[in-house]
Structures are given as C-alpha cells and as structure tokens.
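A.B. asks: I'm passing along coords.csv; it holds CSV, C-alpha atoms.
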```csv
chain,number,residue,atom,x,y,z
A,1,MET,CA,-39.6,-8.6,103.4
A,2,ALA,CA,-40.1,-6.2,100.6
A,3,GLU,CA,-38.2,-3.0,100.5
A,4,ILE,CA,-39.9,0.3,101.4
A,5,LEU,CA,-38.3,3.0,99.3
A,6,THR,CA,-38.6,6.6,98.4
A,7,ARG,CA,-39.8,7.3,94.9
A,8,ASP,CA,-36.3,8.2,93.7
A,9,ALA,CA,-34.7,5.1,95.2
A,10,LEU,CA,-37.5,3.0,93.7
A,11,ALA,CA,-37.0,4.5,90.3
A,12,ASP,CA,-33.3,3.6,90.5
A,13,ARG,CA,-34.1,0.0,91.5
A,14,VAL,CA,-36.7,-0.4,88.7
A,15,ARG,CA,-34.3,1.0,86.1
A,16,GLU,CA,-31.6,-1.5,87.3
A,17,ALA,CA,-33.9,-4.4,87.4
A,18,ARG,CA,-35.5,-3.6,84.0
A,19,ALA,CA,-32.1,-3.6,82.5
A,20,ARG,CA,-31.9,-7.3,83.6
A,21,GLY,CA,-35.3,-8.0,82.0
A,22,VAL,CA,-37.5,-7.8,85.0
A,23,ARG,CA,-41.1,-6.9,84.3
A,24,PHE,CA,-43.1,-4.9,86.9
A,25,ALA,CA,-46.7,-5.0,88.0
A,26,PHE,CA,-48.0,-2.0,90.0
A,27,ALA,CA,-50.8,-1.9,92.5
A,28,ASN,CA,-52.0,0.8,94.9
A,29,GLY,CA,-54.3,1.6,97.7
A,30,ALA,CA,-54.8,2.9,101.3
A,31,PHE,CA,-54.6,-0.5,102.9
A,32,ASP,CA,-55.9,1.1,106.1
A,33,LEU,CA,-57.0,-2.1,107.7
A,34,LEU,CA,-55.5,-5.1,106.0
A,35,HIS,CA,-58.1,-7.8,105.1
A,36,VAL,CA,-58.4,-10.8,102.9
A,37,GLY,CA,-59.6,-8.8,99.9
A,38,HIS,CA,-56.3,-6.9,100.0
A,39,ILE,CA,-54.3,-10.1,100.1
A,40,ARG,CA,-56.1,-11.6,97.2
A,41,TYR,CA,-55.7,-8.4,95.2
A,42,LEU,CA,-52.0,-8.2,95.8
A,43,GLU,CA,-51.4,-11.9,95.1
A,44,ALA,CA,-53.3,-11.6,91.8
A,45,ALA,CA,-51.3,-8.5,90.9
A,46,ALA,CA,-48.0,-10.3,91.6
A,47,ARG,CA,-48.9,-13.0,89.1
A,48,GLU,CA,-49.1,-10.4,86.3
A,49,ALA,CA,-45.3,-9.8,86.2
A,50,ASP,CA,-41.9,-10.7,87.7
A,51,ALA,CA,-42.0,-8.2,90.5
A,52,LEU,CA,-44.8,-6.2,92.3
A,53,ILE,CA,-44.6,-2.6,93.3
A,54,VAL,CA,-47.3,-1.4,95.8
A,55,ALA,CA,-47.9,2.3,96.3
A,56,VAL,CA,-49.6,3.2,99.6
A,57,ASN,CA,-51.5,6.4,100.0
A,58,ASP,CA,-50.1,8.8,102.6
A,59,ASP,CA,-52.2,9.8,105.6
A,60,GLU,CA,-53.5,13.1,104.1
A,61,SER,CA,-54.7,11.5,100.9
A,62,VAL,CA,-56.5,8.8,102.9
A,63,ARG,CA,-58.2,11.5,105.0
A,64,ALA,CA,-59.2,13.3,101.9
A,65,SER,CA,-60.9,10.3,100.4
A,66,LYS,CA,-62.1,8.3,103.4
A,67,GLY,CA,-62.9,11.0,106.0
A,68,PRO,CA,-61.4,12.8,109.0
A,69,HIS,CA,-61.2,9.7,111.2
A,70,ARG,CA,-59.0,7.8,108.7
A,71,PRO,CA,-56.5,6.4,108.3
A,72,VAL,CA,-56.6,4.1,111.3
A,73,MET,CA,-52.9,3.4,111.1
A,74,PRO,CA,-50.2,5.8,109.8
A,75,ALA,CA,-48.7,5.4,106.4
A,76,ALA,CA,-45.4,4.0,107.7
A,77,ASP,CA,-47.2,1.2,109.5
A,78,ARG,CA,-49.4,0.4,106.6
A,79,ALA,CA,-46.4,0.3,104.3
A,80,GLU,CA,-44.6,-2.1,106.7
A,81,LEU,CA,-47.6,-4.4,106.8
A,82,ILE,CA,-47.8,-4.5,103.0
A,83,ALA,CA,-44.0,-5.0,102.7
A,84,ALA,CA,-44.3,-8.1,104.9
A,85,LEU,CA,-46.5,-9.8,102.4
A,86,ARG,CA,-44.8,-12.5,100.3
A,87,ALA,CA,-46.4,-11.2,97.0
A,88,VAL,CA,-44.8,-7.8,97.3
A,89,ASP,CA,-41.3,-6.7,96.2
A,90,PHE,CA,-41.3,-3.0,96.6
A,91,VAL,CA,-43.4,-0.5,98.6
A,92,VAL,CA,-43.6,3.3,98.2
A,93,ILE,CA,-45.7,5.9,99.9
A,94,PHE,CA,-47.3,8.5,97.7
A,95,ASN,CA,-49.0,11.8,98.5
A,96,GLU,CA,-50.7,12.8,95.3
A,97,PRO,CA,-54.5,12.3,94.7
A,98,THR,CA,-53.7,9.6,92.1
A,99,VAL,CA,-50.8,7.4,91.2
A,100,THR,CA,-50.4,9.0,87.8
A,101,PRO,CA,-47.0,10.7,88.8
A,102,LEU,CA,-45.6,7.4,89.9
A,103,LEU,CA,-46.8,5.6,86.8
A,104,GLU,CA,-45.2,8.3,84.6
A,105,LEU,CA,-42.0,7.9,86.6
A,106,LEU,CA,-41.8,4.1,86.7
A,107,HIS,CA,-43.7,2.9,83.6
A,108,PRO,CA,-44.7,-0.4,85.1
A,109,ASP,CA,-45.5,-3.1,82.5
A,110,VAL,CA,-48.9,-3.8,84.2
A,111,HIS,CA,-51.1,-1.4,86.2
A,112,CYS,CA,-53.3,-3.6,88.4
A,113,LYS,CA,-56.7,-2.5,89.8
A,114,GLY,CA,-59.3,-4.3,91.8
A,115,THR,CA,-62.6,-5.7,90.6
A,116,ASP,CA,-64.4,-2.6,91.5
A,117,TYR,CA,-63.0,-1.2,88.3
A,118,THR,CA,-63.2,-2.1,84.6
A,119,VAL,CA,-60.3,-1.4,82.2
A,120,ASP,CA,-62.4,1.6,80.9
A,121,THR,CA,-63.0,3.1,84.4
A,122,VAL,CA,-59.4,3.0,85.7
A,123,PRO,CA,-58.6,6.7,86.3
A,124,GLU,CA,-55.0,6.3,85.1
A,125,ARG,CA,-55.8,4.3,81.9
A,126,ASP,CA,-54.7,7.1,79.5
A,127,THR,CA,-51.4,7.4,81.3
A,128,VAL,CA,-50.8,3.7,81.1
A,129,ARG,CA,-51.8,3.4,77.5
A,130,ALA,CA,-49.6,6.4,76.6
A,131,TYR,CA,-46.4,4.7,77.7
A,132,GLY,CA,-47.4,1.3,76.3
A,133,GLY,CA,-48.4,-0.4,79.5
A,134,ARG,CA,-51.2,-2.8,80.2
A,135,ILE,CA,-54.1,-2.6,82.7
A,136,ALA,CA,-55.2,-5.7,84.5
A,137,ILE,CA,-58.3,-6.1,86.7
A,138,VAL,CA,-57.3,-8.5,89.4
A,139,GLY,CA,-58.5,-10.0,92.7
A,140,ASP,CA,-61.7,-11.4,93.8
A,141,PRO,CA,-65.1,-9.6,93.8
A,142,LYS,CA,-65.2,-6.6,96.1
A,143,ASP,CA,-66.8,-8.5,99.0
A,144,HIS,CA,-64.5,-7.0,101.6
A,145,SER,CA,-64.3,-3.4,102.7
A,146,THR,CA,-62.2,-1.6,105.4
A,147,THR,CA,-65.1,0.8,106.0
A,148,GLU,CA,-67.6,-2.0,106.5
A,149,THR,CA,-65.1,-3.8,108.8
A,150,LEU,CA,-64.6,-0.7,110.9
A,151,GLN,CA,-68.3,-0.3,111.2
A,152,LYS,CA,-68.7,-3.8,112.5
A,153,VAL,CA,-66.0,-3.3,115.0
A,154,LEU,CA,-67.6,-0.1,116.2
A,155,LYS,CA,-71.0,-1.7,116.5
A,156,GLY,CA,-69.4,-4.6,118.5
A,157,ALA,CA,-67.7,-2.1,120.8
A,158,GLU,CA,-71.0,-0.3,121.4
A,159,ARG,CA,-72.4,-3.6,122.8
A,160,CYS,CA,-69.5,-4.0,125.3
```
Please lay out the structure from this file as structure tokens.
C.D. replies:
Amino acid sequence: MAEILTRDALADRVREARARGVRFAFANGAFDLLHVGHIRYLEAAAREADALIVAVNDDESVRASKGPHRPVMPAADRAELIAALRAVDFVVIFNEPTVTPLLELLHPDVHCKGTDYTVDTVPERDTVRAYGGRIAIVGDPKDHSTTETLQKVLKGAERC
C-alpha cells in the first residue's frame, strides 16, 4: 500500500528518493467515486516515471468544484482507496484550488493529466515548464465520469 503523507513529509521523501535517482510522476483529482477511468489514468501516469505521487482534493475543494452534495466520501477515505492501488507510491491531500503549490514544492519530473486536457490546456503548464518538468496526457478517452455514475445510481434508486 502506498504511503499517505502530509505535504512536508512527502517533500522530505521526494528529496531523499530523488537523491537516489528516482524520477517522479504526479497525478491529481477528486477520485470521489473510484471507477475504471481513474484506474487507467493512474496506471498510465505510473508508467511515466519510477514513482507516482497522487494528490487528492480535500472535501471543501471538491464541494467548490462539484457542488454541495459532493464529495460522496471524505478525503481520508478517498486517499486510502487511492493508496491501495498498485500503481501509486505516495498520496497527499491538498486544499488549494489547484495543485500549483504542490508542483512548486515537489517539482515532479512529469505532471500527468487525463485526456480531457491537452498539453496547452493544463492549468499548471507554466509552473511545470518553469521548473523544467514535462506534461504528459495519459489514460483512456474520458468515457467514464463520477457525476454520470452517480446520476445512474440515483435513477436506479428512484425505480426501487
């Protein structure tokens, strides 16, 4: 199981591992209701470097972006689910609107985003380029959505 760390502890671990030549990929998301699209995204991200860091949005930032009834699960539970995936090495929960502060702290070699982005639409692209990192668009086409899955579940519950 991957380690769930505070940002300071993660920064220490990254610094130590980087001194041994470890290269890091970085992925992020709410991961509110884990689905196959998330798995494929994280597995593809892991193939971009030696170790994968996954940043999970805290509850308040998920509410701000997804609405008042989200997240379905608290951040600690979402982080634990992500940490249980074999592709993941480190997990951190973040509370900012973007992962820019984490990228500035950790300087991962590769910042991975899903296929709903292009290299030119990644919000943190300037930050990554400024420290010499690379952006990778990974995973399968965005055919899976937590919001759509939740809507299907609710429609099914209405029929019961």
A.B. asks: Mind giving me the straight-line distance from atom CA of A:Pro108 to atom CA of A:Ala11 in Å, one decimal?
C.D. replies: 10.5 Å
A.B. asks: Extract, using only C-alpha atoms, all DNA, RNA and protein residues at most 10 Å from A:Thr127, discarding same-chain residues fewer than 5 positions from it, and format them as a list in words.
C.D. replies: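 Skipping anything fewer than 5 positions along the chain leaves Val99, Thr100, Pro101, Leu103, Glu104, His107, Gly132 and Gly133 of chain A.
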A.B. asks: Between A:Leu102, A:Leu52, A:Ala64, A:Val138, which has the minimum distance to A:Tyr117 (counting all atoms listed in the file)?
C.D. replies: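 Looking only at the distances to A:Tyr117, the closest residue turns out to be A:Val138.
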A.B. asks: Under the rule of at most 9 Å, produce a per-residue listing of stretch 66-156 of chain A near stretch 44-51 of chain A: chain, number, name, the closest pair of atoms, and the distance in Å, as CSV, using only C-alpha atoms.
C.D. replies:
```
residue,atom,partner,partner_atom,distance
A:Ala87,CA,A:Ala46,CA,5.7
A:Val88,CA,A:Ala46,CA,7.0
A:Asp89,CA,A:Ala51,CA,5.9
A:Phe90,CA,A:Ala51,CA,8.0
A:Asp109,CA,A:Ala49,CA,7.7
A:Val110,CA,A:Glu48,CA,6.9
A:His111,CA,A:Ala45,CA,8.5
A:Cys112,CA,A:Ala45,CA,5.9
A:Lys113,CA,A:Ala45,CA,8.1
A:Ala136,CA,A:Glu48,CA,7.9
A:Ile137,CA,A:Ala45,CA,8.5
A:Val138,CA,A:Ala44,CA,5.6
A:Gly139,CA,A:Ala44,CA,5.5
A:Asp140,CA,A:Ala44,CA,8.6
```
A.B. asks: For atom CA of A:Val54 and atom CA of A:Asn95, quote the distance in Å rounded to one decimal.
C.D. replies: 13.6 Å
A.B. asks: Looking at A:Arg63, A:Lys142, A:Arg18, A:His35, which one is nearest to A:Ala75, with distances taken over all atoms listed in the file?
C.D. replies: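 When distances to A:Ala75 are compared using all atoms listed in the file, the smallest one comes from A:Arg63.
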A.B. asks: From the options A:Glu60, A:Glu80, A:Glu124, A:Glu148, which residue's atoms come nearest to A:Ala27, counting only C-alpha atoms?
C.D. replies: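 So, comparing all the options, the nearest one is A:Glu124.
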A.B. asks: Could you tell me how far atom CA of A:Val91 sits from atom CA of A:Ile53, in Å to one decimal place?
C.D. replies: 5.8 Å
A.B. asks: Give me, as number ranges by chain, all polymer residues having an atom no more than 12 Å from A:His144, counting all atoms listed in the file and skipping those fewer than 3 positions away in the same chain.
C.D. replies: A: 31, 33-41, 114-116, 139-141, 147-150
A.B. asks: Could you tell me, as number ranges by chain, which residues have any atom at most 6 Å from (-39.7, -4.6, 88.4), counting all atoms listed in the file?
C.D. replies: A: 14, 17, 22-24, 51
A.B. asks: Selected residues, C-alpha atoms, written as a PDB file, in the frame of the given file, please.
C.D. replies:
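Full text of again_18.pdb as output:
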```pdb
ATOM      1  CA  VAL A  14     -36.700  -0.400  88.700  1.00  0.00           C
ATOM      2  CA  ALA A  17     -33.900  -4.400  87.400  1.00  0.00           C
ATOM      3  CA  VAL A  22     -37.500  -7.800  85.000  1.00  0.00           C
ATOM      4  CA  ARG A  23     -41.100  -6.900  84.300  1.00  0.00           C
ATOM      5  CA  PHE A  24     -43.100  -4.900  86.900  1.00  0.00           C
ATOM      6  CA  ALA A  51     -42.000  -8.200  90.500  1.00  0.00           C
TER       7      ALA A  51
END
```
A.B. asks: Counting only C-alpha atoms, which residue out of A:Tyr131, A:Val56, A:Ala2, A:Asn28 sits closest to A:Leu106?
C.D. replies: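 Looking only at the distances to A:Leu106, the closest residue turns out to be A:Tyr131.
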A.B. asks: Write only C-alpha atoms for stretch 3-152 of chain A from the block just shown, as a PDB file, in the first residue's frame.
C.D. replies:
```pdb
ATOM      1  CA  GLU A   3       2.040   5.946   1.898  1.00  0.00           C
ATOM      2  CA  ILE A   4      -0.411   8.740   2.699  1.00  0.00           C
ATOM      3  CA  LEU A   5       1.716  11.671   3.796  1.00  0.00           C
ATOM      4  CA  THR A   6       1.447  15.314   4.734  1.00  0.00           C
ATOM      5  CA  ARG A   7       2.946  17.666   2.184  1.00  0.00           C
ATOM      6  CA  ASP A   8       6.031  18.278   4.366  1.00  0.00           C
ATOM      7  CA  ALA A   9       6.642  14.559   4.906  1.00  0.00           C
ATOM      8  CA  LEU A  10       6.121  13.954   1.198  1.00  0.00           C
ATOM      9  CA  ALA A  11       8.605  16.689   0.304  1.00  0.00           C
ATOM     10  CA  ASP A  12      11.187  15.014   2.546  1.00  0.00           C
ATOM     11  CA  ARG A  13      10.563  11.588   0.969  1.00  0.00           C
ATOM     12  CA  VAL A  14      10.775  13.017  -2.558  1.00  0.00           C
ATOM     13  CA  ARG A  15      14.034  14.811  -1.733  1.00  0.00           C
ATOM     14  CA  GLU A  16      15.536  11.590  -0.302  1.00  0.00           C
ATOM     15  CA  ALA A  17      14.402   9.438  -3.229  1.00  0.00           C
ATOM     16  CA  ARG A  18      15.484  11.981  -5.835  1.00  0.00           C
ATOM     17  CA  ALA A  19      18.996  11.887  -4.321  1.00  0.00           C
ATOM     18  CA  ARG A  20      18.972   8.164  -5.215  1.00  0.00           C
ATOM     19  CA  GLY A  21      17.936   8.956  -8.799  1.00  0.00           C
ATOM     20  CA  VAL A  22      14.198   8.259  -8.517  1.00  0.00           C
ATOM     21  CA  ARG A  23      12.064  10.129 -11.064  1.00  0.00           C
ATOM     22  CA  PHE A  24       8.527  11.166 -10.095  1.00  0.00           C
ATOM     23  CA  ALA A  25       5.236  11.359 -11.936  1.00  0.00           C
ATOM     24  CA  PHE A  26       2.422  13.378 -10.400  1.00  0.00           C
ATOM     25  CA  ALA A  27      -1.335  12.998 -10.883  1.00  0.00           C
ATOM     26  CA  ASN A  28      -4.261  14.591  -9.111  1.00  0.00           C
ATOM     27  CA  GLY A  29      -8.014  14.526  -8.791  1.00  0.00           C
ATOM     28  CA  ALA A  30     -11.038  14.253  -6.540  1.00  0.00           C
ATOM     29  CA  PHE A  31     -11.424  10.479  -7.035  1.00  0.00           C
ATOM     30  CA  ASP A  32     -14.838  10.796  -5.420  1.00  0.00           C
ATOM     31  CA  LEU A  33     -16.205   7.501  -6.664  1.00  0.00           C
ATOM     32  CA  LEU A  34     -13.405   5.324  -7.958  1.00  0.00           C
ATOM     33  CA  HIS A  35     -14.051   3.959 -11.463  1.00  0.00           C
ATOM     34  CA  VAL A  36     -12.125   2.287 -14.270  1.00  0.00           C
ATOM     35  CA  GLY A  37     -11.222   5.619 -15.871  1.00  0.00           C
ATOM     36  CA  HIS A  38      -9.379   6.587 -12.687  1.00  0.00           C
ATOM     37  CA  ILE A  39      -7.520   3.272 -12.633  1.00  0.00           C
ATOM     38  CA  ARG A  40      -6.439   3.623 -16.264  1.00  0.00           C
ATOM     39  CA  TYR A  41      -5.359   7.231 -15.692  1.00  0.00           C
ATOM     40  CA  LEU A  42      -3.227   6.337 -12.663  1.00  0.00           C
ATOM     41  CA  GLU A  43      -1.702   3.248 -14.254  1.00  0.00           C
ATOM     42  CA  ALA A  44      -0.729   5.287 -17.319  1.00  0.00           C
ATOM     43  CA  ALA A  45       0.681   8.042 -15.091  1.00  0.00           C
ATOM     44  CA  ALA A  46       2.777   5.492 -13.202  1.00  0.00           C
ATOM     45  CA  ARG A  47       4.399   4.382 -16.466  1.00  0.00           C
ATOM     46  CA  GLU A  48       5.785   7.917 -16.963  1.00  0.00           C
ATOM     47  CA  ALA A  49       8.375   7.682 -14.154  1.00  0.00           C
ATOM     48  CA  ASP A  50       9.788   5.498 -11.388  1.00  0.00           C
ATOM     49  CA  ALA A  51       7.290   6.502  -8.709  1.00  0.00           C
ATOM     50  CA  LEU A  52       3.804   8.029  -8.730  1.00  0.00           C
ATOM     51  CA  ILE A  53       2.546  10.739  -6.394  1.00  0.00           C
ATOM     52  CA  VAL A  54      -1.220  11.257  -6.342  1.00  0.00           C
ATOM     53  CA  ALA A  55      -2.710  14.435  -4.892  1.00  0.00           C
ATOM     54  CA  VAL A  56      -6.327  14.096  -3.736  1.00  0.00           C
ATOM     55  CA  ASN A  57      -8.558  17.166  -3.432  1.00  0.00           C
ATOM     56  CA  ASP A  58      -9.801  17.858   0.084  1.00  0.00           C
ATOM     57  CA  ASP A  59     -13.552  17.883   0.788  1.00  0.00           C
ATOM     58  CA  GLU A  60     -14.012  21.641   0.537  1.00  0.00           C
ATOM     59  CA  SER A  61     -12.308  21.919  -2.840  1.00  0.00           C
ATOM     60  CA  VAL A  62     -14.457  19.062  -4.184  1.00  0.00           C
ATOM     61  CA  ARG A  63     -17.603  20.833  -2.953  1.00  0.00           C
ATOM     62  CA  ALA A  64     -16.452  24.043  -4.603  1.00  0.00           C
ATOM     63  CA  SER A  65     -15.929  22.370  -7.970  1.00  0.00           C
ATOM     64  CA  LYS A  66     -18.570  19.612  -7.973  1.00  0.00           C
ATOM     65  CA  GLY A  67     -21.409  21.051  -5.882  1.00  0.00           C
ATOM     66  CA  PRO A  68     -22.846  20.940  -2.363  1.00  0.00           C
ATOM     67  CA  HIS A  69     -23.642  17.208  -2.348  1.00  0.00           C
ATOM     68  CA  ARG A  70     -20.095  16.172  -3.078  1.00  0.00           C
ATOM     69  CA  PRO A  71     -17.832  14.574  -2.178  1.00  0.00           C
ATOM     70  CA  VAL A  72     -19.592  11.273  -1.607  1.00  0.00           C
ATOM     71  CA  MET A  73     -16.704  10.062   0.565  1.00  0.00           C
ATOM     72  CA  PRO A  74     -14.424  12.116   2.811  1.00  0.00           C
ATOM     73  CA  ALA A  75     -10.895  12.893   1.661  1.00  0.00           C
ATOM     74  CA  ALA A  76      -9.265  10.454   4.084  1.00  0.00           C
ATOM     75  CA  ASP A  77     -11.315   7.569   2.643  1.00  0.00           C
ATOM     76  CA  ARG A  78     -10.620   8.636  -0.942  1.00  0.00           C
ATOM     77  CA  ALA A  79      -6.903   8.879  -0.161  1.00  0.00           C
ATOM     78  CA  GLU A  80      -6.919   5.397   1.359  1.00  0.00           C
ATOM     79  CA  LEU A  81      -8.604   3.923  -1.717  1.00  0.00           C
ATOM     80  CA  ILE A  82      -6.044   5.574  -3.999  1.00  0.00           C
ATOM     81  CA  ALA A  83      -3.196   4.400  -1.755  1.00  0.00           C
ATOM     82  CA  ALA A  84      -4.408   0.808  -2.137  1.00  0.00           C
ATOM     83  CA  LEU A  85      -3.817   0.856  -5.898  1.00  0.00           C
ATOM     84  CA  ARG A  86      -0.647  -0.892  -7.036  1.00  0.00           C
ATOM     85  CA  ALA A  87       0.321   1.920  -9.425  1.00  0.00           C
ATOM     86  CA  VAL A  88       0.510   4.500  -6.621  1.00  0.00           C
ATOM     87  CA  ASP A  89       3.521   5.140  -4.375  1.00  0.00           C
ATOM     88  CA  PHE A  90       2.560   8.270  -2.422  1.00  0.00           C
ATOM     89  CA  VAL A  91      -0.709  10.068  -1.696  1.00  0.00           C
ATOM     90  CA  VAL A  92      -1.203  13.572  -0.337  1.00  0.00           C
ATOM     91  CA  ILE A  93      -4.417  15.505   0.318  1.00  0.00           C
ATOM     92  CA  PHE A  94      -4.393  19.124  -0.814  1.00  0.00           C
ATOM     93  CA  ASN A  95      -6.743  22.019  -0.074  1.00  0.00           C
ATOM     94  CA  GLU A  96      -5.854  24.612  -2.698  1.00  0.00           C
ATOM     95  CA  PRO A  97      -7.968  25.215  -5.825  1.00  0.00           C
ATOM     96  CA  THR A  98      -5.099  23.885  -7.990  1.00  0.00           C
ATOM     97  CA  VAL A  99      -2.062  21.690  -7.429  1.00  0.00           C
ATOM     98  CA  THR A 100       0.321  24.519  -8.314  1.00  0.00           C
ATOM     99  CA  PRO A 101       1.659  24.878  -4.740  1.00  0.00           C
ATOM    100  CA  LEU A 102       2.429  21.140  -4.616  1.00  0.00           C
ATOM    101  CA  LEU A 103       4.115  21.232  -8.002  1.00  0.00           C
ATOM    102  CA  GLU A 104       6.230  24.183  -6.866  1.00  0.00           C
ATOM    103  CA  LEU A 105       7.197  22.278  -3.712  1.00  0.00           C
ATOM    104  CA  LEU A 106       7.872  18.850  -5.230  1.00  0.00           C
ATOM    105  CA  HIS A 107       8.987  19.584  -8.817  1.00  0.00           C
ATOM    106  CA  PRO A 108       7.843  16.210 -10.151  1.00  0.00           C
ATOM    107  CA  ASP A 109       9.547  15.186 -13.371  1.00  0.00           C
ATOM    108  CA  VAL A 110       6.215  14.576 -15.105  1.00  0.00           C
ATOM    109  CA  HIS A 111       2.848  16.189 -14.392  1.00  0.00           C
ATOM    110  CA  CYS A 112       0.163  13.826 -15.705  1.00  0.00           C
ATOM    111  CA  LYS A 113      -3.315  14.917 -16.709  1.00  0.00           C
ATOM    112  CA  GLY A 114      -6.206  12.993 -18.215  1.00  0.00           C
ATOM    113  CA  THR A 115      -7.324  13.009 -21.815  1.00  0.00           C
ATOM    114  CA  ASP A 116      -9.875  15.736 -21.175  1.00  0.00           C
ATOM    115  CA  TYR A 117      -6.837  18.056 -21.358  1.00  0.00           C
ATOM    116  CA  THR A 118      -4.229  18.857 -23.965  1.00  0.00           C
ATOM    117  CA  VAL A 119      -0.702  19.937 -23.081  1.00  0.00           C
ATOM    118  CA  ASP A 120      -1.752  23.520 -23.850  1.00  0.00           C
ATOM    119  CA  THR A 121      -4.887  23.437 -21.637  1.00  0.00           C
ATOM    120  CA  VAL A 122      -3.284  22.030 -18.467  1.00  0.00           C
ATOM    121  CA  PRO A 123      -3.834  24.813 -15.902  1.00  0.00           C
ATOM    122  CA  GLU A 124      -0.434  24.276 -14.287  1.00  0.00           C
ATOM    123  CA  ARG A 125       1.555  24.111 -17.556  1.00  0.00           C
ATOM    124  CA  ASP A 126       3.504  27.339 -16.929  1.00  0.00           C
ATOM    125  CA  THR A 127       4.517  26.181 -13.455  1.00  0.00           C
ATOM    126  CA  VAL A 128       5.714  22.810 -14.752  1.00  0.00           C
ATOM    127  CA  ARG A 129       7.620  24.375 -17.627  1.00  0.00           C
ATOM    128  CA  ALA A 130       9.211  26.952 -15.298  1.00  0.00           C
ATOM    129  CA  TYR A 131      10.979  24.289 -13.229  1.00  0.00           C
ATOM    130  CA  GLY A 132      11.839  22.145 -16.272  1.00  0.00           C
ATOM    131  CA  GLY A 133       9.221  19.441 -15.851  1.00  0.00           C
ATOM    132  CA  ARG A 134       7.250  17.674 -18.548  1.00  0.00           C
ATOM    133  CA  ILE A 135       3.498  17.356 -19.029  1.00  0.00           C
ATOM    134  CA  ALA A 136       2.003  14.037 -20.138  1.00  0.00           C
ATOM    135  CA  ILE A 137      -1.584  13.445 -21.206  1.00  0.00           C
ATOM    136  CA  VAL A 138      -2.387   9.909 -20.075  1.00  0.00           C
ATOM    137  CA  GLY A 139      -5.211   7.427 -19.698  1.00  0.00           C
ATOM    138  CA  ASP A 140      -8.012   6.392 -21.956  1.00  0.00           C
ATOM    139  CA  PRO A 141     -10.619   8.683 -23.512  1.00  0.00           C
ATOM    140  CA  LYS A 142     -12.834  10.340 -20.920  1.00  0.00           C
ATOM    141  CA  ASP A 143     -15.694   7.838 -21.263  1.00  0.00           C
ATOM    142  CA  HIS A 144     -16.177   7.488 -17.506  1.00  0.00           C
ATOM    143  CA  SER A 145     -17.474  10.106 -15.120  1.00  0.00           C
ATOM    144  CA  THR A 146     -18.203  10.062 -11.413  1.00  0.00           C
ATOM    145  CA  THR A 147     -21.037  12.548 -11.941  1.00  0.00           C
ATOM    146  CA  GLU A 148     -22.654  10.352 -14.603  1.00  0.00           C
ATOM    147  CA  THR A 149     -22.220   7.242 -12.449  1.00  0.00           C
ATOM    148  CA  LEU A 150     -23.878   8.968  -9.507  1.00  0.00           C
ATOM    149  CA  GLN A 151     -26.763  10.043 -11.745  1.00  0.00           C
ATOM    150  CA  LYS A 152     -27.263   6.438 -12.880  1.00  0.00           C
TER     151      LYS A 152
END
```
